[in-house]
Every structure is written in structure tokens, then in C-alpha cells.
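work.cif follows; it contains mmCIF, C-alpha atoms.
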data_data
#
loop_
_atom_site.label_atom_id
_atom_site.label_comp_id
_atom_site.auth_asym_id
_atom_site.auth_seq_id
_atom_site.Cartn_x
_atom_site.Cartn_y
_atom_site.Cartn_z
CA MET K 1 -83.28 -10.89 125.93
CA ASN K 2 -79.58 -11.61 126.16
CA ILE K 3 -80.22 -15.26 125.36
CA LYS K 4 -82.27 -14.31 122.27
CA LEU K 5 -79.58 -11.95 121.10
CA PHE K 6 -76.93 -14.63 121.60
CA VAL K 7 -78.95 -17.18 119.56
CA ILE K 8 -79.55 -14.71 116.71
CA THR K 9 -75.87 -13.76 116.70
CA LEU K 10 -74.87 -17.42 116.60
CA ILE K 11 -77.21 -18.17 113.67
CA VAL K 12 -75.99 -15.17 111.67
CA SER K 13 -72.35 -16.06 112.36
CA SER K 14 -72.93 -19.66 111.30
CA CYS K 15 -74.57 -18.56 108.05
CA PHE K 16 -71.71 -16.16 107.36
CA ILE K 17 -69.07 -18.82 107.99
CA SER K 18 -70.98 -21.35 105.87
CA CYS K 19 -71.41 -18.87 103.00
CA LYS K 20 -67.75 -17.92 103.20
CA LYS K 21 -66.72 -21.59 103.17
CA ASN K 22 -68.97 -22.38 100.20
CA SER K 23 -67.61 -19.35 98.37
CA ARG K 24 -64.06 -20.49 99.06
CA ASP K 25 -64.81 -24.08 97.96
CA ALA K 26 -66.36 -22.84 94.75
CA ASN K 27 -63.04 -21.23 93.92
CA GLN K 28 -60.92 -24.31 94.63
CA ILE K 29 -59.83 -27.24 92.47
CA THR K 30 -59.17 -30.59 94.11
CA LEU K 31 -57.11 -33.10 92.16
CA PHE K 32 -57.99 -36.60 93.32
CA ALA K 33 -55.56 -39.51 93.60
CA PRO K 34 -54.49 -40.59 90.07
CA LYS K 35 -55.50 -44.06 88.87
CA VAL K 36 -52.75 -45.91 86.99
CA SER K 37 -53.35 -48.73 84.52
CA GLY K 38 -50.24 -49.90 82.70
CA ASN K 39 -48.73 -46.92 80.90
CA LEU K 40 -51.87 -44.79 81.31
CA VAL K 41 -52.99 -42.59 84.19
CA THR K 42 -56.52 -41.24 84.75
CA LEU K 43 -56.78 -37.81 86.38
CA ASN K 44 -60.00 -36.54 87.98
CA TRP K 45 -60.59 -33.19 89.66
CA SER K 46 -63.42 -31.14 91.14
CA LYS K 47 -64.98 -28.53 88.87
CA LEU K 48 -64.39 -24.86 89.46
CA ASN K 49 -67.68 -22.99 89.86
CA ASN K 50 -66.70 -19.80 88.08
CA SER K 51 -68.51 -18.29 85.09
CA LEU K 52 -65.24 -16.75 83.89
CA LEU K 53 -63.55 -20.15 83.48
CA ASN K 54 -62.17 -20.71 79.95
CA THR K 55 -60.23 -23.97 80.22
CA TYR K 56 -58.40 -26.24 82.62
CA VAL K 57 -54.64 -26.71 82.23
CA ILE K 58 -53.01 -29.92 83.44
CA VAL K 59 -49.36 -29.51 84.37
CA ARG K 60 -47.07 -32.56 84.25
CA ILE K 61 -43.62 -32.38 85.87
CA THR K 62 -40.85 -34.99 85.80
CA ASP K 63 -38.19 -32.81 87.43
CA THR K 64 -39.36 -30.78 90.42
CA THR K 65 -36.08 -28.81 90.43
CA ASP K 66 -36.60 -27.49 86.88
CA THR K 67 -39.88 -25.79 86.04
CA GLN K 68 -38.80 -25.46 82.39
CA SER K 69 -39.30 -29.22 82.00
CA ALA K 70 -43.03 -28.95 82.78
CA VAL K 71 -45.51 -30.08 80.13
CA THR K 72 -48.93 -28.41 79.93
CA ILE K 73 -52.12 -29.99 78.57
CA THR K 74 -55.20 -27.83 77.94
CA VAL K 75 -58.65 -29.41 78.29
CA ASN K 76 -62.23 -28.17 77.85
CA LYS K 77 -63.88 -26.43 80.80
CA GLU K 78 -66.81 -28.84 80.63
CA THR K 79 -64.67 -31.83 81.57
CA ASN K 80 -63.03 -32.75 84.83
CA SER K 81 -61.08 -35.85 83.81
CA TYR K 82 -58.19 -36.71 81.50
CA ILE K 83 -56.25 -39.86 80.54
CA ASP K 84 -52.53 -39.23 80.08
CA THR K 85 -49.75 -41.44 78.78
CA LEU K 86 -47.05 -41.64 81.41
CA PRO K 87 -43.61 -40.50 80.23
CA LEU K 88 -40.39 -42.40 80.94
CA ALA K 89 -39.58 -41.07 84.41
CA SER K 90 -39.25 -42.62 87.84
CA TYR K 91 -41.90 -40.22 89.13
CA VAL K 92 -44.44 -37.86 87.57
CA GLN K 93 -46.10 -34.96 89.38
CA TYR K 94 -49.45 -33.50 88.30
CA TYR K 95 -51.56 -30.51 89.21
CA VAL K 96 -54.46 -28.66 87.55
CA LYS K 97 -54.87 -24.93 87.20
CA SER K 98 -57.63 -22.72 85.81
CA ALA K 99 -57.42 -20.43 82.83
CA LEU K 100 -59.87 -17.61 83.55
CA SER K 101 -60.98 -14.62 81.53
CA LEU K 102 -58.67 -11.63 81.64
CA TYR K 103 -58.77 -9.51 84.82
CA SER K 104 -61.09 -11.97 86.54
CA TYR K 105 -61.19 -12.59 90.27
CA PRO K 106 -59.69 -14.57 92.00
CA GLY K 107 -57.20 -15.06 89.12
CA THR K 108 -55.53 -18.40 88.40
CA VAL K 109 -56.64 -21.17 90.74
CA PHE K 110 -54.25 -24.06 91.42
CA SER K 111 -55.13 -27.54 92.64
CA ASN K 112 -53.16 -29.66 95.04
CA LYS K 113 -50.29 -31.74 93.61
CA GLU K 114 -50.36 -35.51 93.16
CA MET K 115 -47.39 -37.80 92.50
CA VAL K 116 -47.26 -41.00 90.43
CA SER K 117 -44.30 -43.36 90.94
CA ARG K 118 -43.26 -45.62 88.02
CA THR K 119 -42.87 -48.89 89.90
CA ASP K 120 -43.50 -50.80 86.65
CA LEU K 121 -40.13 -49.78 85.17
CA ASN K 122 -36.54 -50.54 86.12
CA PHE K 123 -34.41 -47.40 86.38
CA THR K 124 -30.72 -46.64 86.75
CA ASP K 125 -29.15 -43.28 87.50
CA ILE K 126 -26.55 -43.70 84.73
CA ILE K 127 -26.83 -41.17 81.90
CA PRO K 128 -25.64 -43.49 79.14
CA MET K 129 -22.95 -42.60 76.66
CA ASP K 130 -23.02 -46.18 75.45
CA ALA K 131 -23.75 -49.74 76.59
CA LEU K 132 -22.28 -53.22 76.15
CA TYR K 133 -24.00 -56.57 76.62
CA ASP K 134 -22.51 -59.87 77.73
CA ARG K 135 -24.82 -62.66 76.56
CA ASP K 136 -23.06 -65.31 78.66
CA SER K 137 -23.81 -63.61 81.98
CA ARG K 138 -26.88 -61.71 80.68
CA GLN K 139 -25.50 -58.48 82.06
CA LEU K 140 -25.57 -54.97 80.62
CA TYR K 141 -22.62 -52.63 81.08
CA LEU K 142 -23.73 -48.99 81.08
CA TYR K 143 -21.26 -46.14 81.14
CA SER K 144 -21.50 -42.37 81.04
CA ALA K 145 -19.26 -39.75 79.49
CA THR K 146 -18.65 -38.36 82.99
CA GLY K 147 -17.14 -41.61 84.26
CA ASP K 148 -19.88 -43.72 85.86
CA ILE K 149 -19.97 -47.47 85.10
CA ALA K 150 -22.78 -49.82 86.14
CA ILE K 151 -23.60 -53.51 85.69
CA TYR K 152 -27.31 -54.24 85.21
CA ASP K 153 -28.33 -57.86 85.72
CA VAL K 154 -31.15 -58.84 83.35
CA GLN K 155 -32.27 -61.78 85.49
CA SER K 156 -32.75 -59.82 88.72
CA LYS K 157 -33.65 -56.60 86.85
CA LYS K 158 -31.43 -54.38 88.95
CA VAL K 159 -28.01 -52.74 89.05
CA ILE K 160 -25.67 -55.09 90.92
CA LYS K 161 -22.47 -53.04 90.77
CA GLN K 162 -21.61 -49.42 90.10
CA ILE K 163 -18.45 -47.33 90.29
CA ALA K 164 -17.50 -43.71 89.62
CA THR K 165 -14.14 -43.24 87.88
CA GLY K 166 -14.25 -39.45 88.08
CA VAL K 167 -12.82 -39.13 84.57
CA LYS K 168 -14.33 -38.47 81.15
CA LEU K 169 -14.61 -41.80 79.32
CA GLY K 170 -14.24 -42.87 75.72
CA TYR K 171 -15.71 -45.97 74.08
CA CYS K 172 -15.17 -49.25 75.92
CA ALA K 173 -15.09 -52.98 75.10
CA LEU K 174 -15.49 -56.41 76.67
CA GLY K 175 -13.13 -59.35 76.22
CA THR K 176 -11.86 -62.53 77.84
CA PHE K 177 -8.20 -62.81 78.83
CA SER K 178 -6.73 -65.92 80.51
CA GLY K 179 -10.25 -67.18 81.26
CA THR K 180 -11.37 -63.95 82.94
CA LYS K 181 -13.96 -61.60 81.50
CA GLU K 182 -12.57 -58.06 81.38
CA LEU K 183 -13.91 -54.57 80.72
CA TYR K 184 -11.54 -52.27 78.81
CA VAL K 185 -12.22 -48.62 79.61
CA SER K 186 -10.95 -45.70 77.50
CA ARG K 187 -10.11 -42.59 79.49
CA ALA K 188 -9.53 -38.96 78.55
CA ASP K 189 -6.60 -38.67 80.98
CA GLY K 190 -4.42 -40.87 78.73
CA TRP K 191 -4.95 -44.19 80.46
CA LEU K 192 -6.62 -47.44 79.48
CA PHE K 193 -8.04 -49.07 82.61
CA ILE K 194 -8.80 -52.79 82.71
CA TYR K 195 -11.48 -53.98 85.13
CA ASP K 196 -12.64 -57.40 86.20
CA ALA K 197 -15.99 -57.49 84.39
CA THR K 198 -17.67 -59.38 87.26
CA THR K 199 -16.61 -57.21 90.19
CA LEU K 200 -15.49 -53.96 88.49
CA ALA K 201 -12.28 -54.26 90.51
CA LEU K 202 -9.32 -52.63 88.77
CA ALA K 203 -7.15 -55.40 87.32
CA ASP K 204 -4.58 -53.46 85.28
CA GLN K 205 -3.85 -50.19 83.52
CA ILE K 206 -1.79 -48.94 80.57
CA ASN K 207 -0.58 -45.36 80.09
CA MET K 208 -1.15 -44.39 76.46
CA GLY K 209 0.18 -40.84 76.76
CA ALA K 210 -2.82 -39.31 74.94
CA GLU K 211 -6.60 -39.28 75.27
CA VAL K 212 -7.98 -42.75 74.58
CA PHE K 213 -11.01 -42.46 72.30
CA SER K 214 -11.93 -46.13 71.77
CA VAL K 215 -10.70 -49.67 72.27
CA ALA K 216 -11.39 -53.10 70.77
CA TYR K 217 -10.11 -56.49 71.94
CA ASN K 218 -9.41 -59.79 70.19
CA ASN K 219 -7.36 -62.86 71.02
CA GLY K 220 -5.00 -61.28 73.54
CA LYS K 221 -4.52 -58.02 71.64
CA LEU K 222 -5.87 -54.55 72.37
CA PHE K 223 -6.57 -52.21 69.45
CA ILE K 224 -6.67 -48.60 70.65
CA THR K 225 -7.32 -45.21 69.08
CA THR K 226 -5.96 -42.04 70.68
CA THR K 227 -5.83 -38.32 70.08
CA ASP K 228 -3.70 -35.60 71.69
CA ASN K 229 -3.78 -31.81 72.00
CA SER K 230 -1.81 -31.36 68.79
CA ALA K 231 -4.55 -33.26 66.91
CA ARG K 232 -2.21 -36.20 66.37
CA ASN K 233 -4.42 -39.26 66.02
CA THR K 234 -3.10 -42.79 66.24
CA ILE K 235 -4.25 -46.40 66.10
CA LEU K 236 -2.17 -48.81 68.16
CA CYS K 237 -1.98 -52.51 68.95
CA TYR K 238 -0.90 -53.67 72.42
CA ASP K 239 -0.24 -57.11 73.80
CA ARG K 240 -2.64 -57.64 76.71
CA SER K 241 -0.32 -59.93 78.65
CA SER K 242 2.86 -57.88 78.58
CA LYS K 243 1.12 -54.50 78.08
CA THR K 244 3.73 -53.67 75.47
CA GLN K 245 3.14 -51.86 72.20
CA ILE K 246 3.24 -54.05 69.09
CA SER K 247 2.56 -51.38 66.49
CA ILE K 248 1.46 -47.77 66.04
CA GLN K 249 0.19 -45.90 63.01
CA ASN K 250 -0.84 -42.28 62.55
CA SER K 251 -4.43 -41.69 61.55
CA ILE K 252 -5.78 -38.66 59.70
CA ASP K 253 -8.77 -38.44 62.04
CA ASN K 254 -9.94 -39.60 65.45
CA VAL K 255 -11.92 -42.81 64.99
CA ARG K 256 -14.12 -45.17 66.95
CA ILE K 257 -13.36 -48.79 66.09
CA LYS K 258 -14.94 -52.23 66.50
CA PHE K 259 -13.46 -55.62 65.71
CA VAL K 260 -14.77 -57.46 62.66
CA PRO K 261 -16.47 -60.75 63.72
CA GLY K 262 -14.67 -63.86 62.49
CA SER K 263 -11.46 -61.94 61.82
CA ASN K 264 -8.21 -61.89 63.76
CA SER K 265 -6.84 -58.77 62.17
CA GLU K 266 -9.52 -56.34 60.92
CA VAL K 267 -11.28 -53.38 62.48
CA LEU K 268 -14.04 -51.16 61.12
CA GLY K 269 -14.96 -47.76 62.39
CA ILE K 270 -16.42 -44.30 61.90
CA THR K 271 -14.29 -41.21 62.30
CA TYR K 272 -15.19 -38.30 64.53
CA TYR K 273 -16.34 -36.40 61.45
CA GLY K 274 -18.44 -39.27 60.15
CA ASP K 275 -16.30 -41.09 57.57
CA PRO K 276 -16.18 -44.92 57.29
CA TYR K 277 -12.82 -46.41 58.26
CA TYR K 278 -11.06 -49.75 57.75
CA CYS K 279 -7.77 -50.96 59.21
CA GLN K 280 -5.99 -54.28 58.88
CA PHE K 281 -3.24 -55.84 60.99
CA ASP K 282 -1.35 -59.07 60.47
CA ASN K 283 -1.74 -61.98 62.90
CA THR K 284 1.06 -60.64 65.07
CA GLY K 285 -0.63 -57.26 65.51
CA HIS K 286 1.52 -55.24 63.13
CA TRP K 287 -0.20 -52.64 60.99
CA VAL K 288 -0.78 -53.53 57.33
CA LEU K 289 -3.10 -50.85 55.91
CA GLN K 290 -5.81 -48.35 56.75
CA GLN K 291 -8.41 -46.80 54.46
CA PHE K 292 -10.93 -43.99 54.75
CA ALA K 293 -13.96 -43.48 52.53
CA TYR K 294 -15.55 -40.10 51.92
CA LEU K 295 -19.15 -40.89 51.01
CA ASN K 296 -22.14 -38.64 50.47
CA TYR K 297 -24.06 -40.09 53.42
CA THR K 298 -24.40 -39.15 57.07
CA PHE K 299 -22.68 -41.52 59.52
CA SER K 300 -22.32 -41.39 63.29
CA PHE K 301 -19.43 -42.83 65.29
CA GLU K 302 -21.80 -42.93 68.28
CA SER K 303 -23.84 -45.84 66.89
CA PHE K 304 -22.90 -48.41 64.27
CA GLU K 305 -22.86 -52.20 64.27
CA ILE K 306 -21.06 -54.85 62.19
CA PHE K 307 -23.13 -57.70 60.76
CA PRO K 308 -22.51 -61.14 62.33
CA ASP K 309 -20.81 -62.42 59.14
CA GLY K 310 -18.36 -59.50 59.24
CA ASN K 311 -19.07 -58.47 55.63
CA TYR K 312 -21.31 -55.45 56.22
CA PHE K 313 -21.94 -52.73 58.77
CA ILE K 314 -24.91 -50.47 59.46
CA ASN K 315 -24.84 -46.88 60.68
CA ALA K 316 -27.01 -44.33 62.46
CA PRO K 317 -28.87 -42.10 61.87
CA ASN K 318 -30.14 -43.22 58.44
CA GLY K 319 -29.64 -46.99 58.58
CA VAL K 320 -27.09 -46.92 55.74
CA ILE K 321 -25.56 -50.35 55.07
CA LEU K 322 -22.04 -50.60 53.64
CA THR K 323 -19.82 -53.52 52.73
CA LYS K 324 -16.63 -54.03 54.70
CA ASN K 325 -14.92 -52.28 51.78
CA ARG K 326 -17.18 -49.23 52.37
CA THR K 327 -19.31 -49.74 49.28
CA TYR K 328 -22.93 -48.60 49.56
CA VAL K 329 -25.49 -51.45 49.67
CA SER K 330 -28.81 -50.05 50.87
CA SER K 331 -30.59 -48.04 53.55
CA LEU K 332 -33.34 -49.23 55.85
CA PRO K 333 -36.78 -47.68 55.22
CA SER K 334 -37.09 -45.24 58.09
CA ASN K 335 -40.67 -43.95 57.74
CA GLY K 336 -39.49 -40.49 58.71
CA SER K 337 -37.62 -41.50 61.87
CA SER K 338 -33.91 -41.53 62.62
CA PHE K 339 -32.22 -44.71 63.83
CA MET K 340 -30.42 -44.75 67.16
CA SER K 341 -29.19 -48.32 67.63
CA PHE K 342 -28.98 -51.76 65.98
CA ASP K 343 -28.56 -55.45 66.71
CA PHE K 344 -29.04 -58.75 64.85
CA ASP K 345 -30.88 -62.06 65.09
CA SER K 346 -28.60 -64.40 63.14
CA THR K 347 -30.90 -67.41 63.45
CA ASN K 348 -33.89 -65.67 61.87
CA GLN K 349 -31.77 -63.36 59.70
CA LEU K 350 -33.23 -60.14 61.11
CA ILE K 351 -31.92 -56.65 61.77
CA TYR K 352 -33.36 -54.86 64.81
CA ALA K 353 -33.26 -51.06 64.72
CA GLY K 354 -34.23 -48.64 67.49
CA SER K 355 -35.60 -45.31 66.28
CA ASN K 356 -36.34 -41.87 67.71
CA GLY K 357 -39.99 -42.59 66.96
CA LYS K 358 -39.94 -44.58 70.23
CA ALA K 359 -40.04 -47.89 68.41
CA ILE K 360 -37.91 -50.95 67.65
CA GLN K 361 -38.36 -52.30 64.15
CA SER K 362 -37.24 -55.61 62.68
CA TYR K 363 -36.11 -55.93 59.05
CA THR K 364 -35.09 -58.95 56.98
CA MET K 365 -31.32 -59.11 56.78
CA ASN K 366 -31.16 -59.76 53.04
CA THR K 367 -34.05 -57.75 51.55
CA TYR K 368 -34.47 -55.10 54.28
CA GLN K 369 -38.24 -55.55 54.49
CA LEU K 370 -39.97 -54.29 57.63
CA THR K 371 -41.50 -57.26 59.47
CA LYS K 372 -42.52 -55.92 62.88
CA THR K 373 -42.71 -52.75 65.00
CA ILE K 374 -42.45 -52.75 68.79
CA ASN K 375 -43.45 -49.52 70.53
CA THR K 376 -41.25 -48.48 73.44
CA ILE K 377 -41.98 -46.21 76.39
CA GLY K 378 -38.70 -44.31 76.03
CA TYR K 379 -36.25 -43.70 73.22
CA PRO K 380 -34.40 -46.99 72.49
CA TYR K 381 -30.93 -45.48 72.85
CA ARG K 382 -29.20 -48.88 72.70
CA ILE K 383 -30.80 -52.25 71.93
CA PHE K 384 -29.62 -55.86 72.25
CA TYR K 385 -31.12 -59.08 70.96
CA ASP K 386 -30.61 -62.20 73.08
CA ASN K 387 -32.20 -65.51 72.13
CA GLY K 388 -35.74 -64.23 71.58
CA THR K 389 -35.54 -61.31 74.03
CA ILE K 390 -34.96 -57.68 73.08
CA LEU K 391 -33.40 -55.39 75.66
CA SER K 392 -33.66 -51.64 75.28
CA VAL K 393 -31.61 -49.11 77.21
CA SER K 394 -34.34 -46.49 76.98
CA THR K 395 -34.09 -42.82 77.87
CA ASN K 396 -36.57 -39.96 78.12
CA THR K 397 -34.58 -37.97 75.57
CA PRO K 398 -33.05 -39.07 72.25
CA ASP K 399 -29.66 -37.56 73.14
CA PRO K 400 -29.15 -38.19 76.86
CA ALA K 401 -25.47 -37.25 77.05
CA TYR K 402 -26.25 -33.67 75.96
CA SER K 403 -29.74 -33.14 77.38
CA PRO K 404 -30.26 -29.89 79.37
CA TYR K 405 -33.02 -31.60 81.37
CA LYS K 406 -33.06 -34.41 83.89
CA VAL K 407 -32.34 -37.76 82.19
CA PHE K 408 -34.16 -40.94 83.14
CA THR K 409 -32.76 -44.29 81.99
CA SER K 410 -34.78 -47.48 82.12
CA ILE K 411 -34.19 -51.03 80.85
CA GLU K 412 -37.19 -52.19 78.82
CA GLN K 413 -37.57 -55.85 77.90
CA PHE K 414 -39.63 -57.39 75.10
#

Kindly transcribe the structure held in the file into C-alpha cells.
Amino acid sequence: MNIKLFVITLIVSSCFISCKKNSRDANQITLFAPKVSGNLVTLNWSKLNNSLLNTYVIVRITDTTDTQSAVTITVNKETNSYIDTLPLASYVQYYVKSALSLYSYPGTVFSNKEMVSRTDLNFTDIIPMDALYDRDSRQLYLYSATGDIAIYDVQSKKVIKQIATGVKLGYCALGTFSGTKELYVSRADGWLFIYDATTLALADQINMGAEVFSVAYNNGKLFITTTDNSARNTILCYDRSSKTQISIQNSIDNVRIKFVPGSNSEVLGITYYGDPYYCQFDNTGHWVLQQFAYLNYTFSFESFEIFPDGNYFINAPNGVILTKNRTYVSSLPSNGSSFMSFDFDSTNQLIYAGSNGKAIQSYTMNTYQLTKTINTIGYPYRIFYDNGTILSVSTNTPDPAYSPYKVFTSIEQF
């Protein structure tokens, strides 16, 4: 009798446990291991057996410390798979949750979480303010507004040197002095630091006495723009060898400058408030003249490039092309996008333009006709053309220096 009772009890208990387990499984979602193919990822999950199910919601996270950065994708309740385009991030986390009818039991059901690592992309932890490229060494120089500087080697596809200056930086430049490649670094603390461009060892420094906004270098001379707390803006020329001032001239506005190719004495720039700027020195570095132009176009000091012949320059965000004398020539057809960066192919007479449409477009240099579009994974924040190769310093946001979310920076190559 006791044996019979024990057997019956065991059978009933087993049925209860089995029913309870099946009931629990029916109210679970299992997300299986994602399958990655290039820039696409396939997600598959077990179906939720619940008549109150309305939809599934896929949650994609690129920053596990900030839930506000999560992206949600709603899919039909009849499906249990989805193909997603991977964003520009070193890792992507996914999970699936249910959207049930109001007041339903057991409420929202969450799946397990699965992680995808982007091993197909080359990342750096620099949040770029700007970038420079040395075609001789095939090395990118990335620097942030907060003071980080890194050298990315294109051949090995990795960062080979990185330093933290601990100071807010302005716009920097590369140059060669006495046979040594140097990196000239503008600093907000009133100094211009000079680094060995190969090792990032500090080679020299010059105290400017005011915040250094930008620097350009040519033939042993440093051309520097500064601003101080009294809003006194200056453009100066210094001798690199002696570190002595050759000339100084007040400027009506803070300005970012670049040296005009093929010239020994001319700089072009864009002021802080977006006005084209021209300044000329004589061959000894003494100031001759400066000119501003107030034009009815939008210009950005953050991104502009001078044509290889030195006669024109092109500006973000609208691709406006001006002569060296600041006369309007044309604008690139943008197709609704804003331009972020530019470079040139002199041999084939092409302009390359990176846009916030996550694309790099090529245009003829003389007629401005669109010839090709290259889609990018991230926003092509800065681009460089090098003998048939296009390098893109790509970010997951079009304005990385001011993004409230985690910034990912990757070097794309085409």
C-alpha cells in the first residue's frame, strides 16, 4: 500500500514539475547566438507562446553604461528572426523583449543578452577633433580636443604610439625641420609644443602668452594664431630654429589657418565665426596684408581644404568653392547631405568629399560632376586620398567632439 502510494505520488509530482516547466518555457524567449556576415548580423530567437503577444522588440546597445543610447526595432509577432546592419561600434549587445497586451500576465518577457564584437574594423579610443596624414610614412595623426594624440599606422592597421597631454588642444600641423619630421601642437595654456613626429617625444616648446588656436608651418617658419581673455586675436610668424618672433599682427577674429600649397608666404583660413580669411607675409616672414570676406554662405573653420594648385579652397558644410581671393566659384551638389571633409586626387583631377549621409563622393575638379559614391560604415569625419587608396577616420556620430554618447572611431580603407 505504501509502495503504491509512493509511486502515485511520484507520478503526480513529476507531471506537476513537467507542467510547471513547460508553462515557464512557454513564457521565455531565448535569443540564439548571432550570425555575422560582413556588416550584417542575423538574429534568431524562440517564439513566445502567449496569445496576448503583440510584437517583439529587438534592443540594440552599443554602450552598456548608458541605456539612453539603446536602439529599439519592432518586428511582427509572427516572425522570430531579423537581419540588422551593424553600427560602427567595437561591440554591439542585443536582446529581445515581448510587447504584450495591456495588463497581461506575466508582463514584459526579456530574452538573454548576446554580444557581437566588431573584429572586422580597426578602432582607436581617440575622440577626434581633427586628423593629419603623412603620405611619406603612411601614418595618420589623430588628436582630440581634450589632449590625446595618437599615431595610426596604415600598413599595420593599428595605433603605434599614443600620448595624453592633459591640455585642451587647438589645430595642429606637420612639417619637416632640419631633416626631421615634426608635429606642431597648439595648446590652450599658451604654449606651442613641438614633438618628434615619429616618436611623439617632446622636442621643443614656445610660450606664446595666449591660447594657441592654430598653427601652420613652411620652410622653417611657424605661422600661429592666438587669442586671449580680452578677445585680442593675433597672427604671428616665428622662426623655428631660433624660436624668435619675426612679426605679429592683430586680427579682428580668431582664425584657423592653413598654408597655401606652392607659396612661401600665403595662408588661407576660416574665422571662428565662419568668414573666409587671407594673409600674406614676405619671404622673411614679415606681415604684408590680411583680408576678411563677409559672404552670404555658411563656412566652418573645423573643415576646409586648399586645392593642390593653391588657387581655390573648399569648405564644409555645403561644399562651397572659393578662389584664393575669396570669390565664389561653385558649390558641390550635395543631394541633401552636408559635407564633413575633403581631399584631392591631383592625377585624376578629382575632389573627394565625405558626407553625413555616410558616404564618400568623388567629383571632377573642374566641372564638379559626381563620378562615384562609396558607402561608409561610419560618418567619414576626415578623409585622405593616397595613391589610389581612400582613408576615412570614421565615427559613429557626425560630431564626435560634442557627442553626449559614447564615441567609436574606426579607420576605414577603400

Neighbours of range 273-281 of chain K within 6 Å (all atoms listed in the file; same-chain residues fewer than 5 positions away dropped), as a CSV table (one decimal) with C-alpha atoms, in the coordinates of the input?
chain,number,residue,atom,x,y,z
K,265,SER,CA,-6.8,-58.8,62.2
K,266,GLU,CA,-9.5,-56.3,60.9
K,267,VAL,CA,-11.3,-53.4,62.5
K,268,LEU,CA,-14.0,-51.2,61.1
K,286,HIS,CA,1.5,-55.2,63.1
K,287,TRP,CA,-0.2,-52.6,61.0
K,288,VAL,CA,-0.8,-53.5,57.3
K,289,LEU,CA,-3.1,-50.8,55.9
K,290,GLN,CA,-5.8,-48.4,56.8
K,291,GLN,CA,-8.4,-46.8,54.5
K,292,PHE,CA,-10.9,-44.0,54.8
K,293,ALA,CA,-14.0,-43.5,52.5
K,294,TYR,CA,-15.6,-40.1,51.9
K,299,PHE,CA,-22.7,-41.5,59.5
K,300,SER,CA,-22.3,-41.4,63.3

Legend entry - Residues near range 69-80 of chain K, cut-off 6 Å, all atoms listed in the file, skip fewer than 5 positions along chain, as a ChimeraX atom specification: /K:44-45,55-61

Residues of the last selection are to be written out with C-alpha atoms, as a short mmCIF file (atom, residue, chain, number, x, y, z; two decimals), in the coordinates of the input.
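The resulting selection_18.cif:
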data_model
loop_
_atom_site.label_atom_id
_atom_site.label_comp_id
_atom_site.auth_asym_id
_atom_site.auth_seq_id
_atom_site.Cartn_x
_atom_site.Cartn_y
_atom_site.Cartn_z
CA ASN K 44 -60.00 -36.54 87.98
CA TRP K 45 -60.59 -33.19 89.66
CA THR K 55 -60.23 -23.97 80.22
CA TYR K 56 -58.40 -26.24 82.62
CA VAL K 57 -54.64 -26.71 82.23
CA ILE K 58 -53.01 -29.92 83.44
CA VAL K 59 -49.36 -29.51 84.37
CA ARG K 60 -47.07 -32.56 84.25
CA ILE K 61 -43.62 -32.38 85.87
#

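One distance worth recording is that between CA of Tyr312 in chain K and CA of Asn325 in chain K, which is 8.4 Å.
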
Inset, instruction - Within 8 Å of Met365 in chain K, counting all atoms listed in the file, which residues show up once you throw out same-chain ones fewer than 2 positions away? Write them as a PyMOL selection string, please. - result: chain K and resi 349-351+363+367-368

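Between CA of Ser90 in chain K and CA of Arg118 in chain K there is a distance of 5.0 Å.
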
Inset, instruction - Just the residues within 9 Å of Asn112 in chain K, please, counting all atoms listed in the file, with nothing from its chain fewer than 3 positions along; format it as JSON, numbers by chain. - result: {"K": [29, 30, 31, 32, 94, 95, 96]}

Legend entry - Chain and number of each residue from the PyMOL selection byres ((chain K and resi 369-382) around 9), as an MDAnalysis selection string: chainID K and resid 39 86:88 128 130:132 303 332:333 340:343 350 353:368 383:384 391:400 409:410 412 414

Can range 320-334 of chain K be brought up to N, CA and C atoms and written out as a tab-separated table (two decimals), in the coordinates of the input?
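Full text of selection-v5.tsv as output:
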chain	number	residue	atom	x	y	z
K	320	VAL	N	-27.86	-46.64	56.96
K	320	VAL	CA	-27.09	-46.92	55.74
K	320	VAL	C	-26.25	-48.18	55.96
K	321	ILE	N	-26.31	-49.10	55.00
K	321	ILE	CA	-25.56	-50.35	55.07
K	321	ILE	C	-24.44	-50.31	54.04
K	322	LEU	N	-23.22	-50.57	54.50
K	322	LEU	CA	-22.04	-50.60	53.64
K	322	LEU	C	-21.39	-51.97	53.72
K	323	THR	N	-20.66	-52.33	52.66
K	323	THR	CA	-19.82	-53.52	52.73
K	323	THR	C	-18.60	-53.19	53.58
K	324	LYS	N	-17.88	-54.22	53.94
K	324	LYS	CA	-16.63	-54.03	54.70
K	324	LYS	C	-15.67	-53.12	53.94
K	325	ASN	N	-15.77	-53.13	52.62
K	325	ASN	CA	-14.92	-52.28	51.78
K	325	ASN	C	-15.50	-50.88	51.58
K	326	ARG	N	-16.54	-50.54	52.36
K	326	ARG	CA	-17.18	-49.23	52.37
K	326	ARG	C	-17.92	-48.90	51.08
K	327	THR	N	-18.47	-49.93	50.45
K	327	THR	CA	-19.31	-49.74	49.28
K	327	THR	C	-20.77	-49.70	49.71
K	328	TYR	N	-21.53	-48.74	49.19
K	328	TYR	CA	-22.93	-48.60	49.56
K	328	TYR	C	-23.74	-49.80	49.09
K	329	VAL	N	-24.61	-50.33	49.99
K	329	VAL	CA	-25.49	-51.45	49.67
K	329	VAL	C	-26.95	-51.02	49.65
K	330	SER	N	-27.40	-50.45	50.76
K	330	SER	CA	-28.81	-50.05	50.87
K	330	SER	C	-28.98	-49.20	52.12
K	331	SER	N	-30.20	-48.72	52.32
K	331	SER	CA	-30.59	-48.04	53.55
K	331	SER	C	-31.91	-48.62	54.02
K	332	LEU	N	-32.07	-48.74	55.32
K	332	LEU	CA	-33.34	-49.23	55.85
K	332	LEU	C	-34.44	-48.20	55.63
K	333	PRO	N	-35.66	-48.63	55.30
K	333	PRO	CA	-36.78	-47.68	55.22
K	333	PRO	C	-37.09	-47.13	56.61
K	334	SER	N	-37.02	-45.83	56.75
K	334	SER	CA	-37.09	-45.24	58.09
K	334	SER	C	-38.46	-44.71	58.47
